[in-house]
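Please read the structure below before turning to the comments.
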Amino acid sequence: MVKDATSKERGLVPAAIDRLFLTHDVITSSDVAREAGVTRQSAHAHLAHLSNVGELIHEGARRSSRYRRRSARAQTYALEGLREDEVWGAEKAALRAIDPEGFDNANVVRIMNFAFTEMVNNAIDHSRGSQVRVRWYLDAQRVSFEVEDDGVGAFTTIREQHALANDLEALAELSKGKQTTDPDRHSGLGIFFTSRMVDRFTLSASQLLWTVDQGRNDVAYGWLSEARVGTLVRVEVRRDTTVTPNQVFAARSNPTTGRLDTTTIHVGLFRTRGGDFISRTEAKRVGSSLEGFDVVELDFTDVHEIGQGFADELFRVWARDNPSTRLVPINANPAILAMIARVDVPRSP
């Protein structure tokens with residue numbers, strides 16, 4: 001723990017450091033201070049602590065000090081002709097030599113089998129780039145990896161494919177699941193399931209950052225200080241995780257068909273102007289591409305109010321037109337629940 005840091009700073013500074021490393025190979029205390037809104041002395045104390053415990057590499061001295069993440073392994077692969085299973089085989093063998101105990105937990109291996117190969121496969125098939133770089137970070141608590149390509153960026157690809165207005169709309173669609181730019185070859189479920197079986201999932205492209213933090217039960221998006229090239233995905237898994245991919249699949253899938261039939265939509269991701277959800281147009285955006293699900297949980301965390309038009313369009317009109325899909329509001333405050341209750345919701349057959 002960093003001495004003399006307020007509890008607020010202990011939360012702000014690590015988050016700022018994480019954001020900066022999404023677009024910078026090296027950072028300084030001035031960068032962190034500016035990003036977190038703290039003093040340079042406080043930022044320096046946090047960076048020095050991370051360097052002392054081995055998470056960062058310190059270069060230079062005094063005002064020329066710079067810090068970079070300490071990776072246990074980094075490797076670059078040309079994308080042309082690349083196969084994700086071959087990459088995973090090579091990486092797994094190298095990691096076992098570096099950290100023999102790192103994969104003692106079979107759950108970690110199972111998660112990495114799925115998550116790593118899916119993220120590399122996305123770079124191969126969707127990035128339109130020339131190379132992918134993978135990095136591994138190993139500490140006492142976590143096994144983490146990054147997959148970074150030099151392509152056009154995930155949100156740009158989805159936005160172009162689905163004729164969306166901006167990257168935020170692309171993120172909102174991606175968060176629903178089953179979104180893919182190559183439906184003949186992919187189900188679009190790699191990111192969906194990966195983000196739910198790991199402890200922390202981060203995807204950044206262009207200037208947009210999306211984080212799914214299962215440890216805090218939190219989903220959020222934010223803006224990078226500068227645009228990045230390509231897509232960077234970071235995945236973190238606790239060494240003692242009890243989660244298995246099969247558990248995650250089963251919780252969201254039909255037990256008979258194995259088909260994904262349940263999804264959770266974080267309504268706040270569809271906020272466009274910083275306000276609450278009032279219009280029918282906003283409701284139509286939330287409801288688009290949900291027709292194939294049996295159950296859709298609508299998570300209203302951090303949404304304080306919805307309008308009558310929004311509620312009517314989603315819970316009456318959309319529900320009437322899609323009788324095989326059940327909309328379930330969760331984490332909704334009394335005002336939102338009251339507005340939904342006023343709508344003449346179609347009864348299930």
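In the structure tokens, chains take the letters A, B, ... in the order shown, each chain's residues start at 1, and ligands count up from 1 in the order shown.
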Where does range 44-97 of chain A meet range 139-162 of chain A within 12 Å, residue by residue, with the nearest atom pair and distance in Å to one decimal for each, counting only C-alpha atoms, listed by chain and rising number, as a tab-separated table?
```
residue	atom	partner	partner_atom	distance
A:Leu50	CA	A:Asp139	CA	11.8
A:Val53	CA	A:Asp139	CA	9.6
A:Gly54	CA	A:Asp139	CA	8.6
A:Glu55	CA	A:Asp139	CA	7.8
A:Leu56	CA	A:Asp139	CA	11.5
A:Arg69	CA	A:Glu146	CA	11.5
A:Arg70	CA	A:Asp139	CA	10.1
A:Ser71	CA	A:Phe145	CA	9.0
A:Ala72	CA	A:Asp139	CA	9.2
A:Arg73	CA	A:Phe145	CA	9.4
A:Ala74	CA	A:Glu146	CA	9.3
A:Gln75	CA	A:Val147	CA	10.0
A:Thr76	CA	A:Glu148	CA	9.3
A:Tyr77	CA	A:Asp149	CA	9.6
A:Ala78	CA	A:Asp149	CA	9.9
A:Leu79	CA	A:Asp149	CA	8.9
A:Glu84	CA	A:Val147	CA	11.6
A:Val87	CA	A:Val147	CA	11.5
A:Trp88	CA	A:Phe145	CA	11.7
A:Glu91	CA	A:Phe145	CA	10.7
A:Lys92	CA	A:Phe145	CA	11.7
A:Leu95	CA	A:Val143	CA	10.3
```
Can you write just those residues out, C-alpha atoms, as a short mmCIF file (atom, residue, chain, number, x, y, z; two decimals), in the first residue's frame?
```cif
data_model
loop_
_atom_site.label_atom_id
_atom_site.label_comp_id
_atom_site.auth_asym_id
_atom_site.auth_seq_id
_atom_site.Cartn_x
_atom_site.Cartn_y
_atom_site.Cartn_z
CA LEU A 50 4.78 -0.49 -8.26
CA VAL A 53 7.09 -4.69 -5.95
CA GLY A 54 8.23 -5.61 -9.46
CA GLU A 55 5.17 -4.65 -11.52
CA LEU A 56 6.91 -1.77 -13.33
CA ARG A 69 5.14 -2.55 -17.46
CA ARG A 70 7.26 -5.58 -16.66
CA SER A 71 6.12 -8.41 -18.92
CA ALA A 72 7.21 -11.96 -18.27
CA ARG A 73 7.11 -12.61 -22.01
CA ALA A 74 6.43 -10.61 -25.18
CA GLN A 75 6.25 -11.97 -28.70
CA THR A 76 5.19 -10.58 -32.08
CA TYR A 77 3.58 -12.71 -34.80
CA ALA A 78 2.86 -11.91 -38.44
CA LEU A 79 -0.88 -12.29 -39.02
CA GLU A 84 -4.36 -19.19 -33.02
CA VAL A 87 0.32 -19.39 -31.06
CA TRP A 88 -1.27 -20.72 -27.87
CA GLU A 91 3.02 -19.40 -25.59
CA LYS A 92 1.84 -22.06 -23.15
CA LEU A 95 5.05 -19.78 -19.89
#
```
Problem - Non-local contacts of Ile124 in chain A (9 Å; only C-alpha atoms; under 2 positions in same chain excluded) as JSON, numbers by chain - result: {"A": [79, 80, 81, 82, 83, 84, 119, 120, 121, 122, 126, 127, 128, 129, 130, 131, 132, 149]}
Handout entry: Polymer residues at most 7 Å from Leu209 in chain A, only C-alpha atoms, same-chain spacing of 6 or more positions, as a VMD selection string
Key = chain A and resid 203 221 to 224
Practice task
Name all residues at most 7 Å from range 259-266 of chain A (count only C-alpha atoms; drop same-chain ones fewer than 6 positions away) and give them as number ranges by chain.
Solution key: A: 176, 252-253, 293-300
Fill in the blank from the handout: Shortest contact to Ser175 in chain A, candidates A:Gly292, A:Val328, A:Val267, A:Val235, atoms counted only C-alpha atoms, goes to A:Val267
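Using only C-alpha atoms for every distance, the candidate list A:Val248, A:Ala43, A:Ala341, A:Val26 yields A:Val26 as the residue closest to Ile57 in chain A.
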Handout entry: DSSP strand (DSSP E or B) selection over range 165-282 of chain A, as a VMD selection string
Key = chain A and resid 200 to 213 218 to 238 253 260 262 to 266 277
Keeping N, CA and C atoms, export the residues of the selection given above as a short mmCIF file (atom, residue, chain, number, x, y, z; two decimals), in the first residue's frame.
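Contents of again.cif, as written:
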```
data_model
loop_
_atom_site.label_atom_id
_atom_site.label_comp_id
_atom_site.auth_asym_id
_atom_site.auth_seq_id
_atom_site.Cartn_x
_atom_site.Cartn_y
_atom_site.Cartn_z
N ARG A 200 -11.04 -9.54 -15.02
CA ARG A 200 -11.10 -8.18 -15.57
C ARG A 200 -10.76 -8.24 -17.05
N PHE A 201 -11.62 -7.64 -17.85
CA PHE A 201 -11.46 -7.61 -19.29
C PHE A 201 -11.48 -6.16 -19.74
N THR A 202 -10.48 -5.79 -20.55
CA THR A 202 -10.41 -4.42 -21.06
C THR A 202 -10.16 -4.47 -22.56
N LEU A 203 -10.94 -3.70 -23.30
CA LEU A 203 -10.73 -3.58 -24.74
C LEU A 203 -10.68 -2.10 -25.08
N SER A 204 -9.62 -1.70 -25.79
CA SER A 204 -9.49 -0.31 -26.21
C SER A 204 -9.17 -0.25 -27.70
N ALA A 205 -9.80 0.71 -28.36
CA ALA A 205 -9.57 0.95 -29.78
C ALA A 205 -10.00 2.37 -30.07
N SER A 206 -9.36 2.99 -31.08
CA SER A 206 -9.61 4.41 -31.36
C SER A 206 -9.37 5.18 -30.06
N GLN A 207 -10.39 5.90 -29.56
CA GLN A 207 -10.23 6.61 -28.29
C GLN A 207 -11.17 6.07 -27.22
N LEU A 208 -11.72 4.89 -27.44
CA LEU A 208 -12.73 4.35 -26.54
C LEU A 208 -12.18 3.16 -25.76
N LEU A 209 -12.51 3.12 -24.48
CA LEU A 209 -12.06 2.07 -23.57
C LEU A 209 -13.28 1.41 -22.93
N TRP A 210 -13.34 0.09 -23.00
CA TRP A 210 -14.45 -0.67 -22.40
C TRP A 210 -13.87 -1.64 -21.38
N THR A 211 -14.41 -1.61 -20.16
CA THR A 211 -13.93 -2.47 -19.09
C THR A 211 -15.08 -3.28 -18.50
N VAL A 212 -14.86 -4.58 -18.36
CA VAL A 212 -15.79 -5.45 -17.65
C VAL A 212 -15.03 -6.02 -16.46
N ASP A 213 -15.40 -5.61 -15.27
CA ASP A 213 -14.71 -6.01 -14.05
C ASP A 213 -15.63 -6.91 -13.24
N ASP A 218 -18.83 -4.67 -12.31
CA ASP A 218 -18.93 -3.33 -12.90
C ASP A 218 -18.61 -3.39 -14.39
N VAL A 219 -19.38 -2.65 -15.17
CA VAL A 219 -19.13 -2.48 -16.59
C VAL A 219 -19.07 -0.98 -16.86
N ALA A 220 -18.05 -0.53 -17.56
CA ALA A 220 -17.89 0.90 -17.78
C ALA A 220 -17.18 1.17 -19.09
N TYR A 221 -17.35 2.37 -19.59
CA TYR A 221 -16.56 2.82 -20.73
C TYR A 221 -15.99 4.19 -20.43
N GLY A 222 -14.92 4.54 -21.14
CA GLY A 222 -14.29 5.84 -20.95
C GLY A 222 -13.52 6.20 -22.20
N TRP A 223 -12.88 7.37 -22.15
CA TRP A 223 -12.17 7.89 -23.32
C TRP A 223 -10.69 7.97 -23.02
N LEU A 224 -9.89 7.52 -23.97
CA LEU A 224 -8.44 7.62 -23.85
C LEU A 224 -7.99 9.04 -24.13
N SER A 225 -6.85 9.40 -23.57
CA SER A 225 -6.34 10.76 -23.77
C SER A 225 -5.91 11.00 -25.21
N GLU A 226 -5.60 9.94 -25.94
CA GLU A 226 -5.28 10.06 -27.36
C GLU A 226 -5.67 8.77 -28.07
N ALA A 227 -5.93 8.87 -29.36
CA ALA A 227 -6.37 7.71 -30.12
C ALA A 227 -5.23 6.70 -30.27
N ARG A 228 -5.59 5.44 -30.26
CA ARG A 228 -4.61 4.40 -30.47
C ARG A 228 -4.84 3.74 -31.83
N VAL A 229 -3.79 3.11 -32.35
CA VAL A 229 -3.87 2.34 -33.59
C VAL A 229 -4.22 0.91 -33.24
N GLY A 230 -5.14 0.32 -33.99
CA GLY A 230 -5.48 -1.08 -33.76
C GLY A 230 -6.32 -1.29 -32.52
N THR A 231 -6.29 -2.52 -32.03
CA THR A 231 -7.07 -2.91 -30.85
C THR A 231 -6.15 -3.54 -29.83
N LEU A 232 -6.35 -3.18 -28.57
CA LEU A 232 -5.61 -3.78 -27.46
C LEU A 232 -6.61 -4.41 -26.51
N VAL A 233 -6.46 -5.70 -26.26
CA VAL A 233 -7.29 -6.41 -25.29
C VAL A 233 -6.39 -6.85 -24.14
N ARG A 234 -6.84 -6.59 -22.92
CA ARG A 234 -6.11 -7.05 -21.73
C ARG A 234 -7.05 -7.92 -20.90
N VAL A 235 -6.56 -9.08 -20.49
CA VAL A 235 -7.34 -10.05 -19.72
C VAL A 235 -6.57 -10.37 -18.44
N GLU A 236 -7.28 -10.35 -17.31
CA GLU A 236 -6.66 -10.68 -16.03
C GLU A 236 -7.47 -11.80 -15.35
N VAL A 237 -6.77 -12.83 -14.88
CA VAL A 237 -7.41 -13.96 -14.21
C VAL A 237 -6.67 -14.23 -12.91
N ARG A 238 -7.40 -14.34 -11.83
CA ARG A 238 -6.79 -14.68 -10.55
C ARG A 238 -6.29 -16.12 -10.58
N SER A 253 -26.75 -20.32 -21.58
CA SER A 253 -27.13 -21.15 -22.71
C SER A 253 -28.30 -22.05 -22.40
N LEU A 260 -26.69 -19.93 -27.05
CA LEU A 260 -26.74 -18.77 -26.17
C LEU A 260 -28.15 -18.20 -26.20
N THR A 262 -29.42 -16.22 -23.23
CA THR A 262 -29.57 -15.19 -22.20
C THR A 262 -28.43 -14.19 -22.30
N THR A 263 -28.77 -12.92 -22.25
CA THR A 263 -27.74 -11.89 -22.25
C THR A 263 -28.13 -10.81 -21.26
N THR A 264 -27.15 -10.02 -20.86
CA THR A 264 -27.38 -8.88 -19.97
C THR A 264 -26.94 -7.62 -20.68
N ILE A 265 -27.84 -6.65 -20.79
CA ILE A 265 -27.54 -5.38 -21.44
C ILE A 265 -27.39 -4.31 -20.38
N HIS A 266 -26.25 -3.66 -20.33
CA HIS A 266 -26.04 -2.54 -19.42
C HIS A 266 -26.54 -1.28 -20.13
N PHE A 277 -32.79 8.21 -20.17
CA PHE A 277 -33.36 7.63 -21.38
C PHE A 277 -34.82 8.04 -21.51
#
```
Exercise for the section: Return as a PyMOL selection string the full set of residues in range 17-263 of chain A whose backbone-based DSSP assignment is helix (DSSP H, G or I). Expected result: chain A and resi 17-21+29-36+40-52+62-64+84-98+106-126+154-161+167-174+190-197+245-252
Restrict the selected residues to C-alpha atoms and save them as a tab-separated table (two decimals), in the first residue's frame.
```tsv
chain	number	residue	atom	x	y	z
A	17	ILE	CA	-1.94	4.17	-14.81
A	18	ASP	CA	-3.98	1.42	-16.49
A	19	ARG	CA	-5.50	3.93	-18.93
A	20	LEU	CA	-2.14	5.44	-19.83
A	21	PHE	CA	-0.60	2.06	-20.62
A	29	SER	CA	4.82	10.77	-12.93
A	30	SER	CA	3.69	13.91	-14.75
A	31	ASP	CA	1.54	11.80	-17.09
A	32	VAL	CA	-0.06	10.03	-14.13
A	33	ALA	CA	-0.59	13.24	-12.17
A	34	ARG	CA	-2.34	14.87	-15.12
A	35	GLU	CA	-4.48	11.80	-15.87
A	36	ALA	CA	-5.51	11.18	-12.25
A	40	ARG	CA	3.20	14.77	-9.17
A	41	GLN	CA	4.63	13.73	-5.79
A	42	SER	CA	1.65	11.47	-5.16
A	43	ALA	CA	1.87	9.99	-8.65
A	44	HIS	CA	5.60	9.38	-8.16
A	45	ALA	CA	4.93	7.56	-4.87
A	46	HIS	CA	2.49	5.18	-6.57
A	47	LEU	CA	4.84	4.51	-9.48
A	48	ALA	CA	7.80	3.95	-7.14
A	49	HIS	CA	5.72	1.47	-5.13
A	50	LEU	CA	4.78	-0.49	-8.26
A	51	SER	CA	8.43	-0.50	-9.28
A	52	ASN	CA	9.52	-1.75	-5.85
A	62	ARG	CA	14.81	12.18	-11.24
A	63	ARG	CA	12.75	14.20	-13.73
A	64	SER	CA	13.78	11.91	-16.59
A	84	GLU	CA	-4.36	-19.19	-33.02
A	85	ASP	CA	-3.87	-22.75	-31.75
A	86	GLU	CA	-0.24	-22.72	-32.84
A	87	VAL	CA	0.32	-19.39	-31.06
A	88	TRP	CA	-1.27	-20.72	-27.87
A	89	GLY	CA	0.83	-23.89	-28.02
A	90	ALA	CA	4.04	-21.89	-28.28
A	91	GLU	CA	3.02	-19.40	-25.59
A	92	LYS	CA	1.84	-22.06	-23.15
A	93	ALA	CA	5.10	-24.00	-23.46
A	94	ALA	CA	7.16	-20.85	-22.89
A	95	LEU	CA	5.05	-19.78	-19.89
A	96	ARG	CA	5.35	-23.17	-18.21
A	97	ALA	CA	9.13	-22.79	-18.42
A	98	ILE	CA	8.99	-19.26	-16.97
A	106	ALA	CA	-6.76	-26.24	-14.05
A	107	ASN	CA	-9.40	-23.50	-14.15
A	108	VAL	CA	-6.75	-20.96	-15.22
A	109	VAL	CA	-5.65	-23.26	-18.04
A	110	ARG	CA	-9.23	-23.81	-19.22
A	111	ILE	CA	-9.98	-20.09	-19.20
A	112	MET	CA	-6.77	-19.27	-21.06
A	113	ASN	CA	-7.44	-22.03	-23.62
A	114	PHE	CA	-10.63	-20.20	-24.53
A	115	ALA	CA	-9.84	-16.53	-23.88
A	116	PHE	CA	-6.36	-16.33	-25.41
A	117	THR	CA	-7.19	-18.25	-28.57
A	118	GLU	CA	-10.41	-16.25	-29.09
A	119	MET	CA	-8.62	-12.91	-28.77
A	120	VAL	CA	-5.80	-13.94	-31.11
A	121	ASN	CA	-8.37	-15.30	-33.57
A	122	ASN	CA	-10.16	-11.94	-33.55
A	123	ALA	CA	-6.91	-10.24	-34.53
A	124	ILE	CA	-6.33	-12.78	-37.33
A	125	ASP	CA	-9.81	-12.61	-38.85
A	126	HIS	CA	-11.08	-9.09	-38.12
A	154	ALA	CA	-12.56	-3.16	-33.33
A	155	PHE	CA	-15.09	-0.35	-33.01
A	156	THR	CA	-14.34	0.96	-36.49
A	157	THR	CA	-14.90	-2.50	-37.95
A	158	ILE	CA	-18.24	-2.98	-36.19
A	159	ARG	CA	-19.35	0.57	-36.95
A	160	GLU	CA	-18.66	0.15	-40.66
A	161	GLN	CA	-20.24	-3.30	-40.87
A	167	ASP	CA	-17.75	4.07	-31.92
A	168	LEU	CA	-19.92	4.31	-28.81
A	169	GLU	CA	-22.83	2.79	-30.73
A	170	ALA	CA	-20.46	0.05	-31.90
A	171	LEU	CA	-19.49	-0.68	-28.29
A	172	ALA	CA	-23.13	-0.82	-27.23
A	173	GLU	CA	-23.86	-3.37	-29.96
A	174	LEU	CA	-20.76	-5.42	-29.15
A	190	GLY	CA	-15.59	-14.90	-28.09
A	191	ILE	CA	-15.55	-11.46	-26.47
A	192	PHE	CA	-18.97	-12.00	-24.87
A	193	PHE	CA	-17.92	-15.14	-22.99
A	194	THR	CA	-14.31	-14.08	-22.34
A	195	SER	CA	-15.45	-10.89	-20.60
A	196	ARG	CA	-17.65	-13.00	-18.30
A	197	MET	CA	-15.22	-15.76	-17.31
A	245	PRO	CA	-15.74	-21.86	-18.94
A	246	ASN	CA	-18.45	-24.53	-18.72
A	247	GLN	CA	-20.07	-22.68	-15.82
A	248	VAL	CA	-20.18	-19.47	-17.83
A	249	PHE	CA	-21.53	-21.23	-20.92
A	250	ALA	CA	-24.20	-23.03	-18.89
A	251	ALA	CA	-25.39	-19.86	-17.16
A	252	ARG	CA	-26.13	-18.21	-20.52
```
Fill in the blank from the handout: In Å and to one decimal, CA of Glu305 in chain A is distant from CA of Ile336 in chain A by 5.8 Å
Handout entry: Computed interatomic separation between CA of Ile340 in chain A and CA of Gly309 in chain A (Å)
Key = 10.5 Å
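Counting from CA of Val198 in chain A, the distance to CA of Thr242 in chain A is 10.5 Å.
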